[in-house]
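Only one structure is covered here, and it is reproduced in the block below.
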Amino acid sequence: MRDHAVVTTTRQVLLVVVFAVQLVLTLPSLVAHPHGPAAWVAYGLLTAVLGIVAGHVAAATPTPSYLGVAPLVASVLATTALPAGASFGAADWAFGLVGWYLLLVLVERPTALVAALSAHICFSLAWFLHAGNGDVGTAGVVILSGTSFQLGVLVITRVLHRDAGLAAEAAAEHDAARTREELARQREQDLRAGFEGQLGALLPLLAGLADEQVSAADQTTRLRCSVAAVQLRRLFAENDDVPDPLLHELTACVDVAERRGVVVSLAVSGTATPVPTEVRRELVAPMAQALAVANGRAKVSLLRTATEVRVAVVADAPETLPQNGTTAAVTVETSVHSGLVRSEARWRTA
């Protein structure tokens with residue numbers, strides 16, 4: 001049971017208990033013994049509080065804490081209207097009922113409830129001592145039995161609240177763990193699909209090399225191997241947890257090219273901007289392919305502004321590269337002139 005359900009159930013149960021106590025136990029005592037007019041005012045005041053609380057319970061809204069004043073006022077009115085020497089006796093209909101009303105109104109505020117109960121008991125004791133003709137033993141039993149039972153209900157309610165809170169925390173942690181597990185599973189599937197896609201393009205090349213259908217000495221084969229190496233290195237870098245994923249992937253592609261002897265310069269301007277994974281792939285892909293076929297020098301630049309991210313490359317690579325194009329997010333412009341390949345990919349952030 002969640003904390004909200006505990007609160008709702010507790011208020012409903014207390015409402016029924018207070019209604020039953022007031023109607024079945026206290027009303028006959030009020031009618032059977034002579035009381036001053038203030039006693040009926042106190043009874044009416046408590047009845048009004050019962051109606052207000054019932055309305056809040058029906059509407060599932062919190063009970064205003066200021067209603068706790070009304071039972072204390074009723075306690076004063078009813079106690080001062082008792083017949084002589086009737087405190088804590090059969091005619092004292094209000095002592096136990098006021099305690100139940102305080103519990104009903106302030107059950108969600110334990111500190112205020114204990115303070116109000118203490119004030120109620122102290123005033124009743126003071127009036128008892130003022131009257132001076134009551135039975136001390138009976139008074140002690142009434143006070144102990146009434147307040148201990150009401151405080152016991154308060155303790156049980158707080159325990160239920162605590163257990164409900166712990167259960168809600170455990171359920172939230174369980175849900176969070178399942179969410180993390182599902183995200184990890186989805187990430188693993190995405191990784192597997194990405195690797196399978198890259199390996200799907202690489203396996204025919206490896207099979208051709210193994211069957212000696214293609215030669216490693218052939219320039220075209222070496223270019224295919226270079227492209228595959230850059231693509232795989234970029235894919236590995238894509239899944240690293242780094243502060244700047246786009247720059248990290250660019251650096252990974254540059255590293256592969258440098259290992260082949262290409263002299264690469266990398267220029268970066270602007271601050272890191274969050275870029276979705278799919279967009280990063282489209283931004284890096286033209287540059288990666290240009291570096292894969294570069295055979296001398298290359299210059300890579302990354303420009304980031306408030307509205308745009310650009311990845312550009314100029315490389316000594318006369319081989320044919322993908323033509324200009326525009327995807328759903330990225331615009332690519334590529335040209336080959338005088339043995340230089342110029343490629344630029346742009347993504348507008350806004």
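Letters A, B, ... mark the chains of the structure tokens in the order given; residue numbers begin at 1 per chain; ligand numbers begin at 1, in order shown.
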Quick one: residues within 12 Å of Val16 in chain A, only C-alpha atoms, excluding same-chain residues fewer than 4 positions away - as an mmCIF file with N, CA and C atoms, in the first residue's frame?
```
data_model
loop_
_atom_site.group_PDB
_atom_site.id
_atom_site.type_symbol
_atom_site.label_atom_id
_atom_site.label_comp_id
_atom_site.auth_asym_id
_atom_site.auth_seq_id
_atom_site.Cartn_x
_atom_site.Cartn_y
_atom_site.Cartn_z
ATOM 1 N N THR A 9 -6.914 5.827 3.698
ATOM 2 C CA THR A 9 -7.575 4.789 4.499
ATOM 3 C C THR A 9 -7.642 5.185 5.963
ATOM 4 N N THR A 10 -6.553 5.758 6.489
ATOM 5 C CA THR A 10 -6.531 6.179 7.895
ATOM 6 C C THR A 10 -7.594 7.233 8.167
ATOM 7 N N ARG A 11 -7.710 8.207 7.295
ATOM 8 C CA ARG A 11 -8.708 9.261 7.487
ATOM 9 C C ARG A 11 -10.123 8.692 7.419
ATOM 10 N N GLN A 12 -10.356 7.768 6.505
ATOM 11 C CA GLN A 12 -11.687 7.173 6.388
ATOM 12 C C GLN A 12 -12.045 6.364 7.632
ATOM 13 N N ALA A 20 -19.043 7.069 15.091
ATOM 14 C CA ALA A 20 -19.665 6.052 15.946
ATOM 15 C C ALA A 20 -19.550 6.424 17.420
ATOM 16 N N VAL A 21 -18.373 6.902 17.834
ATOM 17 C CA VAL A 21 -18.184 7.278 19.243
ATOM 18 C C VAL A 21 -19.112 8.421 19.623
ATOM 19 N N GLN A 22 -19.215 9.423 18.749
ATOM 20 C CA GLN A 22 -20.046 10.576 19.074
ATOM 21 C C GLN A 22 -21.525 10.215 19.122
ATOM 22 N N LEU A 23 -21.953 9.366 18.202
ATOM 23 C CA LEU A 23 -23.378 9.060 18.124
ATOM 24 C C LEU A 23 -23.795 8.005 19.147
ATOM 25 N N VAL A 24 -22.959 6.975 19.332
ATOM 26 C CA VAL A 24 -23.361 5.824 20.149
ATOM 27 C C VAL A 24 -22.965 5.991 21.610
ATOM 28 N N LEU A 50 -16.853 17.500 12.254
ATOM 29 C CA LEU A 50 -17.012 16.190 11.615
ATOM 30 C C LEU A 50 -17.498 16.339 10.176
ATOM 31 N N GLY A 51 -18.455 17.240 9.970
ATOM 32 C CA GLY A 51 -18.954 17.455 8.615
ATOM 33 C C GLY A 51 -17.894 18.024 7.688
ATOM 34 N N VAL A 53 -14.569 17.735 7.964
ATOM 35 C CA VAL A 53 -13.562 16.703 7.689
ATOM 36 C C VAL A 53 -14.114 15.678 6.699
ATOM 37 N N ALA A 54 -15.384 15.315 6.854
ATOM 38 C CA ALA A 54 -15.994 14.355 5.924
ATOM 39 C C ALA A 54 -15.959 14.896 4.499
ATOM 40 N N VAL A 57 -12.434 14.533 3.238
ATOM 41 C CA VAL A 57 -12.130 13.134 2.944
ATOM 42 C C VAL A 57 -12.783 12.714 1.634
ATOM 43 N N TRP A 100 -10.356 11.929 20.249
ATOM 44 C CA TRP A 100 -10.561 11.311 18.929
ATOM 45 C C TRP A 100 -10.643 12.363 17.829
ATOM 46 N N TYR A 101 -11.276 13.499 18.151
ATOM 47 C CA TYR A 101 -11.355 14.569 17.151
ATOM 48 C C TYR A 101 -9.970 15.141 16.833
ATOM 49 N N LEU A 104 -8.345 12.757 14.588
ATOM 50 C CA LEU A 104 -8.914 12.825 13.251
ATOM 51 C C LEU A 104 -8.354 14.007 12.460
#
```
**Report entry** Test item: residues at most 8 Å from Ala306 in chain A, only C-alpha atoms, excluding those fewer than 2 positions along its chain, as a ChimeraX atom specification
**Finding:** /A:304,308,349
**Report entry** For Leu291 in chain A: contacts at 10 Å, only C-alpha atoms, fewer than 4 positions along chain excluded, given as a list in words
**Finding:**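 Here the answer would be Ser226, Val227, Val230, Cys253, Val254, Asp255, Val256, Ala257, Glu258, Arg260, Val262, Val264, Ala285, Pro286, Met287, Asn295, Gly296, Arg297, Ala298, Lys299, Val300, Val313, Val314, Ala315, Asp316, Ala317 and Val341 of chain A.
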Report task. Have a look at CA of Arg233 in chain A and CA of Thr307 in chain A and let me know their distance in Å, one decimal. Result -> 28.6 Å
**Report entry** Point-to-point distance in Å for CA of Val330 in chain A and CA of Glu278 in chain A
**Finding:** 9.9 Å
